[in-house]
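Undergrad: Below: one structure in structure tokens.
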Amino acid sequence: MNDILPEQTPAWQYLEAQVFDVLQSYGYHEIRMPILEQTELFKRSIGEVTDIVEKEMYTFNDRNGDSLTLRPEGTAGCVRAGEENGLLYNQTQKLWYKGPMFRHEKPQKGRYRQFHQIGVECFGFVGPDIDAELICLTARLWKALGLMDDVELQINTLGNSESRAAFRKDLVAYLSQYRDQLDEDSQRRLETNPLRILDSKNQETQKILREAPEFHDYLDTESKEHFSQLCAYLDAVGIQYVVNPLLVRGLDYYCKTVFEWVTTKLGSQGTVCAGGRYDGLVEQLGGKATPAVGFAMGIERLVLMLETLEKIPESVNSAPDVYIVANGEGASTYSLKVAEQLRTDIPNAVIVGNSGGGSFKSQFKKADKSGARFALVIGESEVQGQSVVLKHLRSEDEPQRTLILNELSTEIMSLLND
Ligand code: ATP
Ligand code: MG
């Protein structure tokens, strides 16, 4: 689990602000859920035999002996919150959330034990137009961030549960003939979660899969139509995609549409955003049957991508506009008043006070290091004269000059607008 340090947070804030703007413009509403839920919720939604539930959850008993789990993802909690607060019955919702998720994985580049997602969940929409909207929304975000050329959209359909069951049966029968040649994980999954085998990165397993039954032949008509309509929507808005029949996703609740945005710029942790439809989940968790679709993006991976591709604008590292240097009898009280006046008059400006005193020399050093454009210098004579001395820190040839307090805000404002 990582600390996110002051030198990193500007990139995070930039990304989050861009995402926020896009979500706003599509009319989505924020929901904030607790980071803890009853363990049972995740078992019932994500699935008992998934990687997450089998080996990645942070689970503990609280003082009452209730089993709680730090959320490994946001969908289950969002459904629980929607259900509990009557947001789902007989209505539609377009929701988003952001925050930390927890999975006990092997930490490596792009994979952490506490990581952050921004997630979107839509409830009550049955057709593929909402699937298309979610993909449009993410595509717009990649464009805004300058990442569009470095991501690829992969889509697939998982059909309904009957078609998946029929396919699973034949897939298991086929793969069982080659049990000994499968990788260890896949052998285990043959009993527990055979569809995940399609996802295996193992070369030998991949070779065996080439001759395996194909899900396409099992797909129910309704899912087929849903998928081809989604493809038609994407074609109409000019979003390119690759149909990847091996894309199955690691959580049990998905049906019909699944999609991932992947990049080759991050090594093996290439999925930056992933989601799909989960029409059965609300009912499975005790609500009335409600169609639903959503996705989550990994903030760490997107920040890494922005950094790697140098897509973070210079302006996010905003240096102070004004740094106030003060020394002498009455100077600290006076400088506090000057700073407050500037903050009132120029709300957008960054005004930094030199808290903690020190000689003029050491204060100037700090002012310079802060990257500020201007220093305001306050000594005893400035206190007496109700004035300040203005110094340009970023240009040698501008002379310093004395400004009187009454004119200070107007002067600074016009300098900042230059
Ligand atoms: P992966 O295939 O990388 O294990 P996943 O299928 O487990 O991903 P999801 O549950 O779909 O991931 O989560 C959505 C997104 O959240 C991922 O695409 C990824 O960007 C991010 N993510 C998931 N797990 C982690 C993690 N441990 N550390 C950082 N980001 C993560
Ligand atoms: Mg994972």
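Residues are named by chain letter and number: chains run A, B, ... in the order of the structure tokens, numbers start at 1 in each chain, and ligands are numbered from 1 in the order shown.
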Can you pull out every residue within 9 Å of Asp51 of chain A, counting only C-alpha atoms, but drop anything in the same chain fewer than 5 positions away, and send it as a list of chain:residue names?

TA: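 Using only C-alpha atoms, the neighbours found are A:Glu56, A:Gly250, A:Leu251.
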
Undergrad: Restrict the selected residues to C-alpha atoms and save them as a short mmCIF file (atom, residue, chain, number, x, y, z; two decimals), in the first residue's frame.

TA:
data_model
loop_
_atom_site.label_atom_id
_atom_site.label_comp_id
_atom_site.auth_asym_id
_atom_site.auth_seq_id
_atom_site.Cartn_x
_atom_site.Cartn_y
_atom_site.Cartn_z
CA GLU A 56 -7.25 -11.45 -2.46
CA GLY A 250 -12.53 -12.20 -13.62
CA LEU A 251 -15.80 -11.60 -11.80
#

Undergrad: For Phe374 of chain A, work out the shell of residues within 8 Å, counting only C-alpha atoms and skipping chain neighbours fewer than 4 positions away, then give it as a PDB file with N, CA and C atoms, in the first residue's frame.

TA:
ATOM      1  N   ASP A 321       2.088  32.350  -6.906  1.00  0.00           N
ATOM      2  CA  ASP A 321       2.222  33.630  -7.605  1.00  0.00           C
ATOM      3  C   ASP A 321       3.053  34.597  -6.769  1.00  0.00           C
ATOM      4  N   VAL A 322       2.745  34.598  -5.475  1.00  0.00           N
ATOM      5  CA  VAL A 322       3.390  35.584  -4.590  1.00  0.00           C
ATOM      6  C   VAL A 322       3.897  34.885  -3.329  1.00  0.00           C
ATOM      7  N   TYR A 323       5.116  35.206  -2.944  1.00  0.00           N
ATOM      8  CA  TYR A 323       5.681  34.673  -1.687  1.00  0.00           C
ATOM      9  C   TYR A 323       6.000  35.866  -0.801  1.00  0.00           C
ATOM     10  N   LEU A 390       8.041  45.169  -3.835  1.00  0.00           N
ATOM     11  CA  LEU A 390       7.775  44.102  -4.805  1.00  0.00           C
ATOM     12  C   LEU A 390       9.057  43.736  -5.538  1.00  0.00           C
ATOM     13  N   LYS A 391       9.370  42.448  -5.532  1.00  0.00           N
ATOM     14  CA  LYS A 391      10.560  41.966  -6.245  1.00  0.00           C
ATOM     15  C   LYS A 391      10.159  40.910  -7.268  1.00  0.00           C
ATOM     16  N   HIS A 392      10.677  41.031  -8.500  1.00  0.00           N
ATOM     17  CA  HIS A 392      10.451  40.000  -9.516  1.00  0.00           C
ATOM     18  C   HIS A 392      11.472  38.889  -9.301  1.00  0.00           C
ATOM     19  N   LEU A 393      10.993  37.683  -9.029  1.00  0.00           N
ATOM     20  CA  LEU A 393      11.936  36.585  -8.750  1.00  0.00           C
ATOM     21  C   LEU A 393      12.382  35.866 -10.011  1.00  0.00           C
ATOM     22  N   ARG A 394      11.621  36.035 -11.107  1.00  0.00           N
ATOM     23  CA  ARG A 394      11.949  35.260 -12.318  1.00  0.00           C
ATOM     24  C   ARG A 394      12.573  36.108 -13.414  1.00  0.00           C
TER      25      ARG A 394
END

Undergrad: How would you write, as a ChimeraX atom specification, the set of residues no farther than 10 Å from ligand 2 when counting only C-alpha atoms and all ligand atoms?

TA: /A:50-52,56,72,103-105,111,249-251,269,271

Undergrad: Those residues you just picked out, can you put them in a file as a short mmCIF file (atom, residue, chain, number, x, y, z; two decimals), in the first residue's frame with N, CA and C atoms?

TA:
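Contents of selection.cif, as written:
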data_model
loop_
_atom_site.label_atom_id
_atom_site.label_comp_id
_atom_site.auth_asym_id
_atom_site.auth_seq_id
_atom_site.Cartn_x
_atom_site.Cartn_y
_atom_site.Cartn_z
N THR A 50 -13.73 -17.05 -7.52
CA THR A 50 -12.92 -16.10 -8.30
C THR A 50 -11.61 -15.84 -7.55
N ASP A 51 -10.62 -15.31 -8.27
CA ASP A 51 -9.34 -14.98 -7.63
C ASP A 51 -9.56 -14.03 -6.46
N ILE A 52 -10.40 -13.03 -6.69
CA ILE A 52 -10.59 -12.00 -5.66
C ILE A 52 -11.07 -12.63 -4.36
N GLU A 56 -7.73 -12.83 -2.44
CA GLU A 56 -7.25 -11.45 -2.46
C GLU A 56 -7.92 -10.51 -1.45
N PRO A 72 -12.90 -4.88 -2.38
CA PRO A 72 -11.95 -5.14 -3.46
C PRO A 72 -12.38 -4.48 -4.77
N ARG A 103 -6.87 -5.25 -2.48
CA ARG A 103 -6.72 -6.65 -2.88
C ARG A 103 -5.34 -7.13 -2.48
N HIS A 104 -5.30 -8.30 -1.82
CA HIS A 104 -4.02 -8.84 -1.39
C HIS A 104 -3.37 -9.56 -2.58
N GLU A 105 -2.72 -8.77 -3.44
CA GLU A 105 -2.06 -9.32 -4.62
C GLU A 105 -0.56 -9.17 -4.46
N ARG A 111 0.26 -2.72 -10.11
CA ARG A 111 -0.57 -3.62 -9.31
C ARG A 111 -0.22 -3.43 -7.84
N ARG A 249 -13.28 -11.60 -18.33
CA ARG A 249 -13.33 -10.86 -17.07
C ARG A 249 -13.34 -11.80 -15.85
N GLY A 250 -12.77 -11.33 -14.76
CA GLY A 250 -12.53 -12.20 -13.62
C GLY A 250 -13.62 -12.24 -12.56
N LEU A 251 -14.75 -11.61 -12.79
CA LEU A 251 -15.80 -11.60 -11.80
C LEU A 251 -17.01 -12.33 -12.37
N GLN A 269 0.73 -5.04 -17.07
CA GLN A 269 -0.50 -4.53 -16.44
C GLN A 269 -1.19 -3.55 -17.40
N THR A 271 -4.41 -3.29 -18.68
CA THR A 271 -5.82 -2.89 -18.71
C THR A 271 -6.02 -1.65 -17.84
#

Undergrad: Compute the set of protein, DNA and RNA residues whose minimum atom distance to ligand 1 is at most 7 Å, using only C-alpha atoms and all ligand atoms, and state it as a PyMOL selection string.

TA: chain A and resi 73+103+105+110-117+249-250+269-275+296-301

Undergrad: Using only C-alpha atoms, which protein or nucleic acid residues come within 9 Å of segment 222-224 of chain A? Drop anything in the same chain fewer than 5 positions from it, and give the result as a PyMOL selection string.

TA: chain A and resi 157-160+216+229+255-257

Undergrad: Write the residues you've just listed into a file as an mmCIF file, in the first residue's frame, and include N, CA, C and O atoms for each of them.

TA:
data_model
loop_
_atom_site.group_PDB
_atom_site.id
_atom_site.type_symbol
_atom_site.label_atom_id
_atom_site.label_comp_id
_atom_site.auth_asym_id
_atom_site.auth_seq_id
_atom_site.Cartn_x
_atom_site.Cartn_y
_atom_site.Cartn_z
ATOM 1 N N THR A 157 -19.014 -10.538 -25.913
ATOM 2 C CA THR A 157 -20.283 -10.765 -25.232
ATOM 3 C C THR A 157 -20.231 -12.117 -24.529
ATOM 4 O O THR A 157 -19.669 -13.081 -25.064
ATOM 5 N N LEU A 158 -20.768 -12.161 -23.333
ATOM 6 C CA LEU A 158 -20.764 -13.405 -22.553
ATOM 7 C C LEU A 158 -22.127 -14.095 -22.588
ATOM 8 O O LEU A 158 -22.328 -15.103 -21.907
ATOM 9 N N GLY A 159 -23.084 -13.537 -23.335
ATOM 10 C CA GLY A 159 -24.393 -14.168 -23.455
ATOM 11 C C GLY A 159 -25.177 -14.198 -22.159
ATOM 12 O O GLY A 159 -24.815 -13.516 -21.189
ATOM 13 N N ASN A 160 -26.251 -14.984 -22.148
ATOM 14 C CA ASN A 160 -27.024 -15.126 -20.905
ATOM 15 C C ASN A 160 -26.530 -16.363 -20.140
ATOM 16 O O ASN A 160 -25.663 -17.089 -20.621
ATOM 17 N N HIS A 216 -19.137 -18.355 -29.379
ATOM 18 C CA HIS A 216 -19.999 -17.766 -30.397
ATOM 19 C C HIS A 216 -21.109 -18.727 -30.841
ATOM 20 O O HIS A 216 -22.249 -18.321 -31.052
ATOM 21 N N GLN A 229 -26.024 -4.787 -32.154
ATOM 22 C CA GLN A 229 -26.513 -3.402 -32.073
ATOM 23 C C GLN A 229 -25.453 -2.496 -31.421
ATOM 24 O O GLN A 229 -25.229 -1.371 -31.858
ATOM 25 N N CYS A 255 -22.605 -10.476 -17.733
ATOM 26 C CA CYS A 255 -23.327 -11.162 -18.790
ATOM 27 C C CYS A 255 -23.310 -10.237 -20.009
ATOM 28 O O CYS A 255 -22.936 -9.079 -19.899
ATOM 29 N N LYS A 256 -23.695 -10.758 -21.132
ATOM 30 C CA LYS A 256 -23.718 -9.941 -22.364
ATOM 31 C C LYS A 256 -22.415 -9.140 -22.537
ATOM 32 O O LYS A 256 -21.341 -9.694 -22.484
ATOM 33 N N THR A 257 -22.529 -7.801 -22.673
ATOM 34 C CA THR A 257 -21.358 -6.994 -23.019
ATOM 35 C C THR A 257 -20.254 -6.999 -21.955
ATOM 36 O O THR A 257 -20.522 -6.755 -20.774
#

Undergrad: As a PDB file with C-alpha atoms, in the first residue's frame, please: every residue in segment 18-242 of chain A that DSSP puts in strand (DSSP E).

TA:
ATOM      1  CA  HIS A  29     -24.227  11.628 -10.286  1.00  0.00           C
ATOM      2  CA  GLU A  30     -21.702  10.821  -7.602  1.00  0.00           C
ATOM      3  CA  LEU A  36     -16.107  -1.768   4.240  1.00  0.00           C
ATOM      4  CA  GLU A  37     -18.958  -4.163   3.580  1.00  0.00           C
ATOM      5  CA  GLN A  38     -20.145  -7.466   5.007  1.00  0.00           C
ATOM      6  CA  TYR A  58      -8.735  -8.273   3.349  1.00  0.00           C
ATOM      7  CA  THR A  59     -11.253  -9.884   5.689  1.00  0.00           C
ATOM      8  CA  PHE A  60     -11.538  -9.613   9.467  1.00  0.00           C
ATOM      9  CA  ASN A  61     -14.034  -9.948  12.284  1.00  0.00           C
ATOM     10  CA  SER A  67     -17.072 -10.709   9.151  1.00  0.00           C
ATOM     11  CA  LEU A  68     -16.205  -7.531   7.246  1.00  0.00           C
ATOM     12  CA  THR A  69     -14.068  -6.987   4.144  1.00  0.00           C
ATOM     13  CA  LEU A  70     -12.245  -3.957   2.782  1.00  0.00           C
ATOM     14  CA  GLN A  93     -29.692   5.732 -12.316  1.00  0.00           C
ATOM     15  CA  LYS A  94     -26.381   6.871 -13.789  1.00  0.00           C
ATOM     16  CA  LEU A  95     -23.906   6.835 -10.909  1.00  0.00           C
ATOM     17  CA  TRP A  96     -20.167   7.175 -10.338  1.00  0.00           C
ATOM     18  CA  TYR A  97     -17.790   6.883  -7.399  1.00  0.00           C
ATOM     19  CA  LYS A  98     -14.110   7.052  -6.698  1.00  0.00           C
ATOM     20  CA  GLY A  99     -11.867   5.780  -3.974  1.00  0.00           C
ATOM     21  CA  PRO A 100      -9.524   3.111  -2.686  1.00  0.00           C
ATOM     22  CA  MET A 101      -9.977  -0.618  -3.294  1.00  0.00           C
ATOM     23  CA  PHE A 102      -8.047  -3.380  -1.522  1.00  0.00           C
ATOM     24  CA  GLN A 114      -4.485  -0.482  -2.031  1.00  0.00           C
ATOM     25  CA  PHE A 115      -5.281   1.020  -5.392  1.00  0.00           C
ATOM     26  CA  HIS A 116      -7.810   3.555  -6.607  1.00  0.00           C
ATOM     27  CA  GLN A 117     -10.639   3.331  -9.045  1.00  0.00           C
ATOM     28  CA  ILE A 118     -13.178   5.625 -10.547  1.00  0.00           C
ATOM     29  CA  GLY A 119     -16.217   3.516 -11.253  1.00  0.00           C
ATOM     30  CA  VAL A 120     -19.471   4.109 -13.103  1.00  0.00           C
ATOM     31  CA  GLU A 121     -22.659   2.065 -12.689  1.00  0.00           C
ATOM     32  CA  CYS A 122     -25.942   2.465 -14.579  1.00  0.00           C
ATOM     33  CA  PHE A 123     -29.164   0.818 -13.436  1.00  0.00           C
ATOM     34  CA  GLU A 152      -7.306  -0.130 -27.721  1.00  0.00           C
ATOM     35  CA  LEU A 153     -10.922  -1.051 -27.051  1.00  0.00           C
ATOM     36  CA  GLN A 154     -11.645  -4.764 -26.791  1.00  0.00           C
ATOM     37  CA  ILE A 155     -15.214  -5.989 -26.557  1.00  0.00           C
ATOM     38  CA  ASN A 156     -16.951  -9.322 -26.244  1.00  0.00           C
ATOM     39  CA  THR A 157     -20.283 -10.765 -25.232  1.00  0.00           C
ATOM     40  CA  VAL A 242     -11.496  -5.230 -31.547  1.00  0.00           C
TER      41      VAL A 242
END

Undergrad: Which residues are close to Arg44 of chain A, i.e. within 9 Å by only C-alpha atoms, leaving aside same-chain residues fewer than 5 positions away? Reply as a PyMOL selection string.

TA: chain A and resi 39+76+284-285
